[in-house]
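For reference, final.cif is printed below; it contains mmCIF, C-alpha atoms and all ligand atoms.
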```cif
data_upload
loop_
_atom_site.label_atom_id
_atom_site.label_comp_id
_atom_site.auth_asym_id
_atom_site.auth_seq_id
_atom_site.Cartn_x
_atom_site.Cartn_y
_atom_site.Cartn_z
CA MET C 17 7.29 1.89 -3.28
CA ASN C 18 9.21 2.49 -0.07
CA LYS C 19 7.44 0.90 2.85
CA LEU C 20 6.97 2.81 6.09
CA LYS C 21 8.89 1.47 9.05
CA VAL C 22 6.63 0.46 11.94
CA ALA C 23 7.59 -0.62 15.46
CA THR C 24 5.66 -1.79 18.48
CA ALA C 25 7.04 -1.64 22.00
CA TRP C 26 6.05 -3.04 25.36
CA LEU C 27 6.48 -1.13 28.61
CA ASP C 28 4.48 -2.03 31.75
CA GLY C 29 1.48 -3.77 30.22
CA CYS C 30 -0.02 -7.24 30.05
CA SER C 31 0.59 -7.81 26.30
CA GLY C 32 -3.17 -7.72 25.73
CA CYS C 33 -2.80 -4.73 23.44
CA HIS C 34 -0.33 -6.64 21.29
CA MET C 35 -2.70 -9.63 21.25
CA SER C 36 -5.51 -7.37 20.04
CA PHE C 37 -3.16 -5.91 17.40
CA LEU C 38 -2.55 -9.46 16.14
CA ASP C 39 -6.32 -10.01 16.10
CA MET C 40 -6.40 -7.95 12.90
CA ASP C 41 -5.74 -11.38 11.40
CA GLU C 42 -5.78 -11.35 7.58
CA ARG C 43 -5.84 -7.55 7.58
CA LEU C 44 -2.22 -7.77 8.80
CA LEU C 45 -1.34 -9.14 5.38
CA GLN C 46 -2.79 -6.04 3.70
CA LEU C 47 -0.85 -3.79 6.10
CA ALA C 48 2.32 -5.80 5.45
CA GLU C 49 2.18 -4.61 1.84
CA LEU C 50 2.49 -1.03 3.11
CA VAL C 51 4.81 -1.32 6.10
CA ASP C 52 7.82 -3.19 7.43
CA VAL C 53 7.76 -4.13 11.12
CA VAL C 54 11.30 -3.27 12.12
CA TYR C 55 11.11 -3.66 15.92
CA SER C 56 8.57 -5.40 18.14
CA PRO C 57 8.17 -8.16 20.74
CA ILE C 58 6.97 -10.24 17.79
CA VAL C 59 10.13 -9.80 15.67
CA ASP C 60 13.71 -10.69 16.58
CA THR C 61 15.30 -7.24 16.59
CA LYS C 62 17.19 -6.37 19.77
CA GLU C 63 17.97 -2.67 19.25
CA PHE C 64 15.49 0.09 18.46
CA PRO C 65 16.34 1.37 14.94
CA ASP C 66 17.71 4.85 14.25
CA HIS C 67 14.53 5.88 12.46
CA VAL C 68 11.01 4.52 12.67
CA ASP C 69 8.00 6.17 11.01
CA ILE C 70 5.29 4.87 13.37
CA THR C 71 5.73 3.31 16.81
CA LEU C 72 2.87 1.90 18.87
CA VAL C 73 3.65 1.71 22.58
CA GLU C 74 1.81 -0.54 25.01
CA GLY C 75 1.91 -0.06 28.75
CA ALA C 76 2.66 2.60 31.34
CA VAL C 77 6.04 3.88 32.46
CA ALA C 78 6.75 2.05 35.71
CA SER C 79 10.52 1.48 35.91
CA VAL C 80 13.78 3.22 35.08
CA ASP C 81 14.10 0.86 32.12
CA ASP C 82 10.67 1.91 30.83
CA GLU C 83 11.65 5.58 31.06
CA THR C 84 14.94 5.03 29.23
CA LYS C 85 13.16 3.01 26.58
CA ILE C 86 10.35 5.50 25.90
CA ARG C 87 12.77 8.43 25.66
CA LYS C 88 14.87 6.51 23.12
CA ILE C 89 11.80 5.47 21.16
CA ARG C 90 10.51 9.07 21.05
CA ALA C 91 13.87 10.34 19.83
CA HIS C 92 13.84 7.93 16.90
CA THR C 93 10.14 7.93 15.98
CA THR C 94 8.16 10.28 13.73
CA THR C 95 4.64 9.34 14.90
CA LEU C 96 4.30 7.92 18.40
CA ILE C 97 1.04 6.14 19.24
CA ALA C 98 0.04 5.38 22.82
CA MET C 99 -1.91 2.16 22.41
CA GLY C 100 -4.29 1.18 25.16
CA ASP C 101 -5.38 2.59 28.48
CA CYS C 102 -2.18 1.66 30.36
CA ALA C 103 -0.11 3.82 28.00
CA ILE C 104 -2.72 6.60 28.06
CA THR C 105 -3.75 6.77 31.74
CA GLY C 106 -1.57 4.33 33.70
CA ASN C 107 -4.62 2.07 34.09
CA VAL C 108 -3.85 -1.32 35.72
CA PRO C 109 -0.11 -0.81 36.48
CA ALA C 110 -0.94 2.50 38.20
CA MET C 111 -3.09 0.65 40.73
CA ARG C 112 0.09 0.23 42.76
CA ASN C 113 0.53 3.99 43.13
CA PRO C 114 -1.30 4.33 46.48
CA PHE C 115 1.02 1.72 48.03
CA GLY C 116 4.45 2.63 46.62
CA PRO C 117 7.04 0.30 45.11
CA GLU C 118 8.49 -1.03 48.39
CA ALA C 119 5.16 -2.46 49.53
CA ILE C 120 4.64 -4.08 46.13
CA LEU C 121 8.09 -5.67 46.09
CA ASN C 122 7.68 -6.94 49.65
CA ARG C 123 4.31 -8.44 48.79
CA ALA C 124 5.62 -10.14 45.65
CA TYR C 125 9.03 -11.33 46.84
CA PHE C 126 8.71 -11.79 50.64
CA GLU C 127 5.15 -12.19 51.84
CA THR C 128 4.07 -14.58 49.09
CA ALA C 129 7.42 -16.33 48.49
CA ASP C 130 7.57 -20.02 49.33
CA LEU C 131 11.35 -20.27 48.80
CA GLN C 132 14.32 -17.88 49.15
CA PRO C 133 12.49 -14.62 49.82
CA GLN C 134 14.61 -11.79 48.40
CA ILE C 135 14.25 -8.67 46.26
CA PRO C 136 15.77 -9.39 42.83
CA CYS C 137 18.48 -6.91 41.92
CA LEU C 138 19.68 -8.20 38.53
CA VAL C 139 16.65 -8.96 36.37
CA VAL C 140 13.89 -6.70 37.70
CA PRO C 141 14.64 -3.03 36.91
CA ARG C 142 14.31 -0.40 39.61
CA LEU C 143 10.70 0.67 39.93
CA LEU C 144 9.71 4.32 39.75
CA LYS C 145 7.88 5.64 42.81
CA VAL C 146 4.79 6.34 40.73
CA VAL C 147 3.54 4.68 37.55
CA ARG C 148 2.67 7.32 34.96
CA PRO C 149 1.31 7.37 31.41
CA VAL C 150 3.57 7.78 28.41
CA HIS C 151 2.59 11.39 27.61
CA GLU C 152 3.91 12.55 31.00
CA PHE C 153 7.42 11.62 29.79
CA VAL C 154 7.40 12.29 26.06
CA GLU C 155 5.15 13.86 23.47
CA VAL C 156 2.50 11.49 22.12
CA ASP C 157 1.03 12.05 18.66
CA VAL C 158 -1.93 9.65 18.70
CA PHE C 159 -3.93 8.09 21.55
CA LEU C 160 -5.74 4.79 20.91
CA PRO C 161 -7.96 4.13 23.94
CA GLY C 162 -9.30 0.78 25.06
CA CYS C 163 -8.25 -2.08 27.30
CA PRO C 164 -7.25 -3.27 24.84
CA PRO C 165 -8.13 -1.21 21.75
CA SER C 166 -10.05 -3.52 19.46
CA ALA C 167 -8.57 -4.95 16.29
CA ASP C 168 -11.03 -2.76 14.39
CA THR C 169 -9.65 0.29 16.19
CA PHE C 170 -6.09 -0.64 15.24
CA HIS C 171 -7.04 -1.25 11.64
CA ALA C 172 -9.05 1.95 11.27
CA ALA C 173 -6.32 4.03 12.91
CA LEU C 174 -3.41 2.56 10.97
CA THR C 175 -5.30 2.69 7.69
CA ALA C 176 -6.07 6.39 8.26
CA ILE C 177 -2.49 7.23 9.29
CA LEU C 178 -1.00 5.39 6.33
CA ALA C 179 -3.39 7.19 3.99
CA GLY C 180 -2.59 10.55 5.60
CA LYS C 181 -6.21 10.99 6.66
CA PRO C 182 -7.39 12.47 9.98
CA LEU C 183 -8.34 10.16 12.83
CA ASP C 184 -11.73 10.19 14.49
CA ILE C 185 -10.86 8.25 17.63
CA PRO C 186 -14.20 8.63 19.47
CA ALA C 187 -15.99 7.06 16.51
CA LEU C 188 -13.67 4.06 16.42
CA THR C 189 -14.90 0.73 17.72
CA ARG C 190 -13.63 0.05 21.23
CA PHE C 191 -13.27 -3.40 22.76
CA GLY C 192 -16.56 -4.48 24.25
CA ALA C 193 -18.39 -1.41 22.99
FE1 LIG O 1 -3.30 -5.00 29.08
FE2 LIG O 1 -5.45 -3.37 28.99
FE3 LIG O 1 -3.08 -2.40 29.67
FE4 LIG O 1 -3.50 -3.15 27.14
S1 LIG O 1 -4.54 -1.47 28.20
S2 LIG O 1 -1.66 -3.59 28.37
S3 LIG O 1 -4.88 -4.93 27.45
S4 LIG O 1 -4.26 -3.95 30.83
#
```
Let's see the structure in the file written out as structure tokens.
Ligand code: SF4
Amino acid sequence: MNKLKVATAWLDGCSGCHMSFLDMDERLLQLAELVDVVYSPIVDTKEFPDHVDITLVEGAVASVDDETKIRKIRAHTTTLIAMGDCAITGNVPAMRNPFGPEAILNRAYFETADLQPQIPCLVVPRLLKVVRPVHEFVEVDVFLPGCPPSADTFHAALTAILAGKPLDIPALTRFGA
């Protein structure tokens, strides 16, 4: 049986959604019989593959790099899943929106710097003026809410998608619910 190709990607998020994904624990072994993880922060693949069946994206779109990344992912993914509230609403990263990127950079790299205050220009990508959710840039097929979505939510959603069954997101278990 051909396994489906699955990817996970990380935009502007805290990695908590990925941690919750890993909390599926032994259920990951069952999923591994059905899918190959071809790109993810937890595997050593540097380039997004030409074709991925299912991609789960954590985090909001906050920088030019994030925007480039999500457009590439969308172009090469059949089913795109926005995982977690940052990807769906902007959530925590969007809390900077009332202040703008300049104020945030000044706070991080000048006001609170003990040594060599300066705005990094090589490693930190240029920030967008406003942090926005994934669906404002590309079409999203599935929304998995939660901060983070619980492991049970991930398992129920992926099991349904892999079986070709409809999702009932409001009935899924959310973290802390
Ligand atoms: Fe972190 Fe919550 Fe955002 Fe997920 S939704 S990346 S857990 S802040």
- ligand LIG 1 (chain O) neighbours within 12 Å using all atoms listed in the file, as an NGL selection string: :C and (25-37 or 72-77 or 98-111 or 149 or 159-167 or 190-191)
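Look at segment 63-69 of chain C: the protein and nucleic acid residues within 6 Å of it, using only C-alpha atoms and passing over chain neighbours fewer than 4 places away, are Lys21, Val22, His92, Thr93 and Thr94 of chain C.
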- Hey, which of C:Asp39, C:His171, C:Val140, C:Val150 ends up closest to Tyr125 of chain C? Count all atoms listed in the file. C:Val140
- Query: So how far away is atom CA of Leu96 of chain C from atom CA of Val147 of chain C, in Å?
  - Reply: 19.4 Å
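Interatomic distance, atom CA of Thr128 of chain C to atom CA of Glu83 of chain C: 28.1 Å.
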- Note on the structure: Taken to one decimal, the atom CA of Arg112 of chain C-atom CA of Pro136 of chain C distance is 18.4 Å
- Task: Name the residues in contact with Arg123 of chain C at a cut-off of 12 Å, using all atoms listed in the file, excluding same-chain residues fewer than 6 positions from it; report them as a ChimeraX atom specification.
- Result: /C:112,115-117,129,133-135
- Task: Identify which of the residues C:Leu144, C:Leu38, C:Leu50, C:Leu45 lies closest to Lys19 of chain C, counting all atoms listed in the file when measuring atom-to-atom distances.
- Result: C:Leu50
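With distances restricted to only C-alpha atoms, C:Ala78 is the closest residue to Val146 of chain C from C:Val54, C:Ala78, C:Met40, C:Leu131.
With all atoms listed in the file as the atoms that count, the minimum distance from Arg148 of chain C to the choices C:Ile97, C:Val80, C:Ile177, C:Leu20 is reached by C:Val80.
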Quick one: axis-aligned box around all listed atoms of segment 93-105 of chain C, 4 Å on every side, centre and edge lengths in Å to one decimal, written as AutoDock Vina command-line options.
```
--center_x 2.4 --center_y 5.7 --center_z 22.7 --size_x 23.5 --size_y 17.1 --size_z 26.0
```
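Closest approach to Pro57 of chain C among C:Lys181, C:Ala124, C:Ala23, C:Gln132 is made by C:Ala23 (distances from only C-alpha atoms).
The list of residues within 10 Å of (9.6, 15.4, 22.8), counted using only C-alpha atoms, is Arg87, Arg90, Ala91, His151, Phe153, Val154, Glu155 and Val156 of chain C.
Minimum atom-to-atom distance to Glu152 of chain C, evaluated using all atoms listed in the file, belongs to C:Ile86 out of C:Leu178, C:Ile86, C:Val59, C:Cys137.
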